[in-house]
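Pasted below: final03.cif, mmCIF, C-alpha atoms.
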data_start
#
loop_
_atom_site.label_atom_id
_atom_site.label_comp_id
_atom_site.auth_asym_id
_atom_site.auth_seq_id
_atom_site.Cartn_x
_atom_site.Cartn_y
_atom_site.Cartn_z
CA MET A 1 0.00 0.00 0.00
CA LEU A 2 1.30 3.48 -0.84
CA THR A 3 2.07 5.87 1.96
CA GLN A 4 0.11 9.11 2.20
CA LYS A 5 3.26 10.97 1.19
CA THR A 6 3.50 9.11 -2.11
CA ARG A 7 -0.22 9.46 -2.80
CA TYR A 8 -0.13 13.18 -2.06
CA SER A 9 2.94 13.63 -4.26
CA LEU A 10 1.12 11.98 -7.16
CA LEU A 11 -1.97 14.15 -6.60
CA ALA A 12 0.18 17.30 -6.47
CA LEU A 13 2.12 16.33 -9.59
CA THR A 14 -1.10 15.61 -11.46
CA ARG A 15 -2.50 19.00 -10.44
CA LEU A 16 0.72 20.72 -11.53
CA ALA A 17 0.66 18.76 -14.80
CA LYS A 18 -2.74 20.28 -15.61
CA GLU A 19 -1.05 23.69 -15.52
CA TYR A 20 2.18 22.63 -17.24
CA GLY A 21 3.60 25.54 -19.23
CA LYS A 22 0.98 27.99 -17.91
CA GLY A 23 2.80 29.38 -14.88
CA VAL A 24 2.97 28.70 -11.18
CA LEU A 25 0.47 27.35 -8.67
CA LEU A 26 0.36 28.47 -5.07
CA ILE A 27 0.71 25.82 -2.41
CA ASN A 28 -2.74 26.82 -1.14
CA GLN A 29 -4.28 26.18 -4.56
CA ILE A 30 -2.82 22.68 -4.72
CA ALA A 31 -3.64 21.90 -1.09
CA GLU A 32 -7.28 22.99 -1.45
CA SER A 33 -7.99 21.39 -4.82
CA GLU A 34 -6.39 18.06 -3.88
CA LYS A 35 -7.38 18.06 -0.19
CA ILE A 36 -3.79 17.77 1.03
CA PRO A 37 -2.73 19.25 4.38
CA LYS A 38 -0.69 22.35 3.54
CA ARG A 39 2.19 21.66 5.92
CA PHE A 40 2.60 18.13 4.58
CA LEU A 41 2.38 19.39 1.00
CA GLU A 42 5.14 21.94 1.60
CA SER A 43 7.64 19.21 2.47
CA ILE A 44 6.54 17.05 -0.48
CA LEU A 45 6.90 19.91 -2.96
CA LEU A 46 10.33 20.77 -1.57
CA GLU A 47 11.44 17.15 -1.98
CA LEU A 48 10.12 17.09 -5.56
CA LYS A 49 11.94 20.35 -6.24
CA ASN A 50 15.20 19.02 -4.75
CA ASN A 51 14.92 15.97 -7.01
CA GLY A 52 14.53 17.99 -10.21
CA TYR A 53 10.79 17.72 -10.89
CA LEU A 54 9.65 21.18 -9.83
CA GLY A 55 10.77 24.76 -10.00
CA SER A 56 9.60 27.53 -7.73
CA ARG A 57 9.20 31.25 -7.77
CA LEU A 58 9.26 33.37 -4.64
CA GLY A 59 7.18 36.41 -3.85
CA LYS A 60 3.60 37.57 -4.11
CA ASN A 61 2.97 35.70 -7.35
CA GLY A 62 5.22 32.81 -6.41
CA GLY A 63 4.52 29.13 -6.32
CA TYR A 64 5.56 25.85 -7.89
CA TYR A 65 5.61 24.57 -11.46
CA LEU A 66 6.73 21.43 -13.27
CA ILE A 67 10.11 21.70 -14.95
CA LYS A 68 9.82 18.23 -16.50
CA ASN A 69 7.24 17.39 -19.11
CA PRO A 70 4.41 15.36 -17.47
CA ASN A 71 4.82 12.78 -20.25
CA GLU A 72 8.39 12.18 -19.05
CA ILE A 73 7.53 11.59 -15.39
CA ASN A 74 6.39 8.06 -14.68
CA LEU A 75 4.86 6.54 -11.58
CA LEU A 76 7.87 4.26 -11.09
CA GLU A 77 10.30 7.08 -10.43
CA ILE A 78 7.94 8.88 -8.04
CA THR A 79 7.09 5.66 -6.20
CA ARG A 80 10.76 4.85 -5.81
CA LEU A 81 11.53 8.39 -4.66
CA PHE A 82 9.05 8.24 -1.79
CA GLU A 83 8.70 4.51 -1.10
CA GLY A 84 12.18 3.22 -1.88
CA THR A 85 11.55 -0.24 -3.27
CA ILE A 86 8.54 -1.59 -5.12
CA ALA A 87 9.31 -5.18 -4.20
CA TRP A 88 7.27 -6.82 -1.44
CA LEU A 89 10.09 -9.19 -0.49
CA PRO A 90 13.72 -8.09 -0.05
CA CYS A 91 14.91 -11.11 -2.03
CA THR A 92 13.01 -9.86 -5.12
CA SER A 93 14.21 -6.26 -5.00
CA GLU A 94 16.57 -5.04 -7.71
CA LYS A 95 17.82 -1.96 -5.86
CA TYR A 96 17.54 -3.14 -2.25
CA TYR A 97 18.16 -6.88 -2.58
CA GLN A 98 18.75 -8.88 0.59
CA PRO A 99 19.14 -12.65 0.65
CA CYS A 100 16.18 -14.50 2.07
CA ILE A 101 16.79 -16.25 5.36
CA HIS A 102 13.81 -18.56 4.74
CA CYS A 103 14.76 -19.95 1.34
CA ARG A 104 16.82 -23.07 1.10
CA ASP A 105 17.42 -22.24 -2.56
CA GLU A 106 16.30 -18.88 -3.99
CA GLN A 107 16.43 -20.27 -7.52
CA THR A 108 13.71 -22.86 -6.80
CA CYS A 109 11.67 -20.99 -4.16
CA LYS A 110 8.06 -20.78 -5.41
CA LEU A 111 7.17 -17.90 -3.10
CA ARG A 112 10.12 -15.84 -4.34
CA SER A 113 9.23 -16.69 -7.92
CA ALA A 114 5.63 -15.55 -7.49
CA PHE A 115 6.61 -12.27 -5.84
CA ASN A 116 9.32 -11.69 -8.42
CA ASP A 117 6.66 -11.95 -11.14
CA ILE A 118 4.47 -9.50 -9.21
CA ARG A 119 7.39 -7.07 -8.87
CA SER A 120 8.18 -7.33 -12.57
CA TYR A 121 4.57 -6.69 -13.58
CA THR A 122 4.23 -3.79 -11.14
CA TYR A 123 7.54 -2.31 -12.28
CA LYS A 124 6.44 -2.41 -15.92
CA LYS A 125 3.02 -0.86 -15.26
CA LEU A 126 4.45 1.92 -13.10
CA GLN A 127 7.13 2.64 -15.70
CA GLU A 128 4.56 2.80 -18.52
CA THR A 129 2.20 5.15 -16.67
CA SER A 130 3.06 8.83 -16.94
CA ILE A 131 1.76 11.68 -14.81
CA ALA A 132 0.24 13.11 -18.00
CA SER A 133 -1.91 9.99 -18.40
CA LEU A 134 -3.51 10.69 -14.99
CA ILE A 135 -4.88 14.08 -15.97
CA THR A 136 -8.67 14.03 -16.18
#
Just give me the structure of the file as structure tokens.
Amino acid sequence: MLTQKTRYSLLALTRLAKEYGKGVLLINQIAESEKIPKRFLESILLELKNNGYLGSRLGKNGGYYLIKNPNEINLLEITRLFEGTIAWLPCTSEKYYQPCIHCRDEQTCKLRSAFNDIRSYTYKKLQETSIASLIT
């Protein structure tokens, strides 16, 4: 299950994608339209900015805007940014692999095999789904 932080980041990115190329959005506008607590949103937007997804402008007419095209931002990269791994078992993770203490042989473990297939499918679907495709 996704954490609230990841879910809110996806909602904020989708809202910003609707305004891509049109200027900035105030934090209050995003918080109100997406029903995200403002204080929580501030830290999310700062993290997205620090990771190269958003730009910001200070002052009276300041706010945040996407600096990457919404078609070029996929759910995989955002999920990994906020969640870390997408694997449910450490022995199926590509980036955070840890050997399984329960497997006698990882190569023949049916549980590992099933969850590896799930990770592969999830990885592919998240990679194929852009923020732009979430705009309604």
* Test item: the PyMOL selection byres ((chain A and resi 43) around 12) resolved as a PyMOL selection string -> chain A and resi 5-6+8-9+12+27+36-42+44-50+82
* **All residues 8 Å or closer to Asn116 (chain A), all atoms listed in the file, same chain fewer than 3 positions away omitted, as number ranges by chain** => A: 87, 92, 112-113, 119-120
* Looking at A:Leu76, A:Glu34, A:Gln29, A:Glu106, which one is nearest to Pro90 (chain A), with distances taken over all atoms listed in the file? ->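 Between A:Leu76, A:Glu34, A:Gln29, A:Glu106, the residue approaching Pro90 (chain A) most closely is A:Glu106.
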* When you draw a straight line from CA of Asn71 (chain A) to CA of Ser130 (chain A), how long is it in Å? -> 5.4 Å
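Between CA of Gly23 (chain A) and CA of Gly59 (chain A) the interatomic distance comes to 13.8 Å.
Nearest to Arg80 (chain A) of all the residues A:Lys95, A:Lys60, A:Lys35, A:Lys125 is A:Lys95, counting only C-alpha atoms.
From CA of Glu94 (chain A) back to CA of Leu10 (chain A), the distance works out to 23.0 Å.
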* **Neighbours of point (5.2, 14.8, -19.4) within 7 Å, using only C-alpha atoms, written as JSON, numbers by chain** => {"A": [68, 69, 70, 71, 72, 73, 130, 131, 132]}
Atoms kept (C-alpha atoms) for selection, written as a PDB file, in the frame of the given file:
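Below is the file that was written, again17.pdb:
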ATOM      1  CA  LYS A  68       9.820  18.230 -16.500  1.00  0.00           C
ATOM      2  CA  ASN A  69       7.240  17.390 -19.110  1.00  0.00           C
ATOM      3  CA  PRO A  70       4.410  15.360 -17.470  1.00  0.00           C
ATOM      4  CA  ASN A  71       4.820  12.780 -20.250  1.00  0.00           C
ATOM      5  CA  GLU A  72       8.390  12.180 -19.050  1.00  0.00           C
ATOM      6  CA  ILE A  73       7.530  11.590 -15.390  1.00  0.00           C
ATOM      7  CA  SER A 130       3.060   8.830 -16.940  1.00  0.00           C
ATOM      8  CA  ILE A 131       1.760  11.680 -14.810  1.00  0.00           C
ATOM      9  CA  ALA A 132       0.240  13.110 -18.000  1.00  0.00           C
TER      10      ALA A 132
END
* Among listed residues A:Asp117, A:Ile101, A:Thr79, A:Gln107, nearest Thr3 (chain A) (using only C-alpha atoms) ->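 Among the listed residues, the smallest separation from Thr3 (chain A) belongs to A:Thr79.
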* Quick one: which residues end up in the PyMOL selection byres ((chain A and resi 64) around 7) for this structure, as JSON, numbers by chain? -> {"A": [24, 25, 26, 54, 55, 56, 57, 63, 65]}
* Which of these, A:Cys109, A:Cys91, A:Leu58, A:Leu134, has the shortest distance to Asn74 (chain A) once you count only C-alpha atoms? ->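 Selected residue with least distance to Asn74 (chain A): A:Leu134.
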Could you model N, CA and C atoms for region 37-54 of chain A and present them as a CSV table (one decimal), keeping the file's coordinate frame?
chain,number,residue,atom,x,y,z
A,37,PRO,N,-3.1,18.3,3.3
A,37,PRO,CA,-2.7,19.2,4.4
A,37,PRO,C,-1.5,20.1,3.9
A,38,LYS,N,-1.7,21.4,4.1
A,38,LYS,CA,-0.7,22.4,3.5
A,38,LYS,C,0.7,22.1,4.1
A,39,ARG,N,0.9,21.9,5.4
A,39,ARG,CA,2.2,21.7,5.9
A,39,ARG,C,2.9,20.4,5.4
A,40,PHE,N,2.1,19.4,5.2
A,40,PHE,CA,2.6,18.1,4.6
A,40,PHE,C,3.0,18.4,3.1
A,41,LEU,N,2.1,19.1,2.4
A,41,LEU,CA,2.4,19.4,1.0
A,41,LEU,C,3.7,20.2,0.8
A,42,GLU,N,3.9,21.1,1.7
A,42,GLU,CA,5.1,21.9,1.6
A,42,GLU,C,6.4,21.1,1.6
A,43,SER,N,6.5,20.1,2.4
A,43,SER,CA,7.6,19.2,2.5
A,43,SER,C,7.7,18.3,1.2
A,44,ILE,N,6.6,17.9,0.7
A,44,ILE,CA,6.5,17.0,-0.5
A,44,ILE,C,7.0,17.9,-1.7
A,45,LEU,N,6.5,19.1,-1.8
A,45,LEU,CA,6.9,19.9,-3.0
A,45,LEU,C,8.4,20.3,-2.9
A,46,LEU,N,8.9,20.5,-1.7
A,46,LEU,CA,10.3,20.8,-1.6
A,46,LEU,C,11.2,19.5,-2.0
A,47,GLU,N,10.7,18.4,-1.6
A,47,GLU,CA,11.4,17.2,-2.0
A,47,GLU,C,11.4,16.9,-3.5
A,48,LEU,N,10.2,17.2,-4.1
A,48,LEU,CA,10.1,17.1,-5.6
A,48,LEU,C,11.0,18.1,-6.3
A,49,LYS,N,11.1,19.3,-5.7
A,49,LYS,CA,11.9,20.4,-6.2
A,49,LYS,C,13.4,19.9,-6.1
A,50,ASN,N,13.8,19.4,-5.0
A,50,ASN,CA,15.2,19.0,-4.8
A,50,ASN,C,15.6,17.9,-5.6
A,51,ASN,N,14.6,17.1,-6.1
A,51,ASN,CA,14.9,16.0,-7.0
A,51,ASN,C,14.7,16.3,-8.5
A,52,GLY,N,14.5,17.6,-8.8
A,52,GLY,CA,14.5,18.0,-10.2
A,52,GLY,C,13.2,17.9,-10.9
A,53,TYR,N,12.1,17.8,-10.2
A,53,TYR,CA,10.8,17.7,-10.9
A,53,TYR,C,10.1,19.1,-10.9
A,54,LEU,N,10.3,19.9,-9.9
A,54,LEU,CA,9.6,21.2,-9.8
A,54,LEU,C,10.6,22.3,-9.8
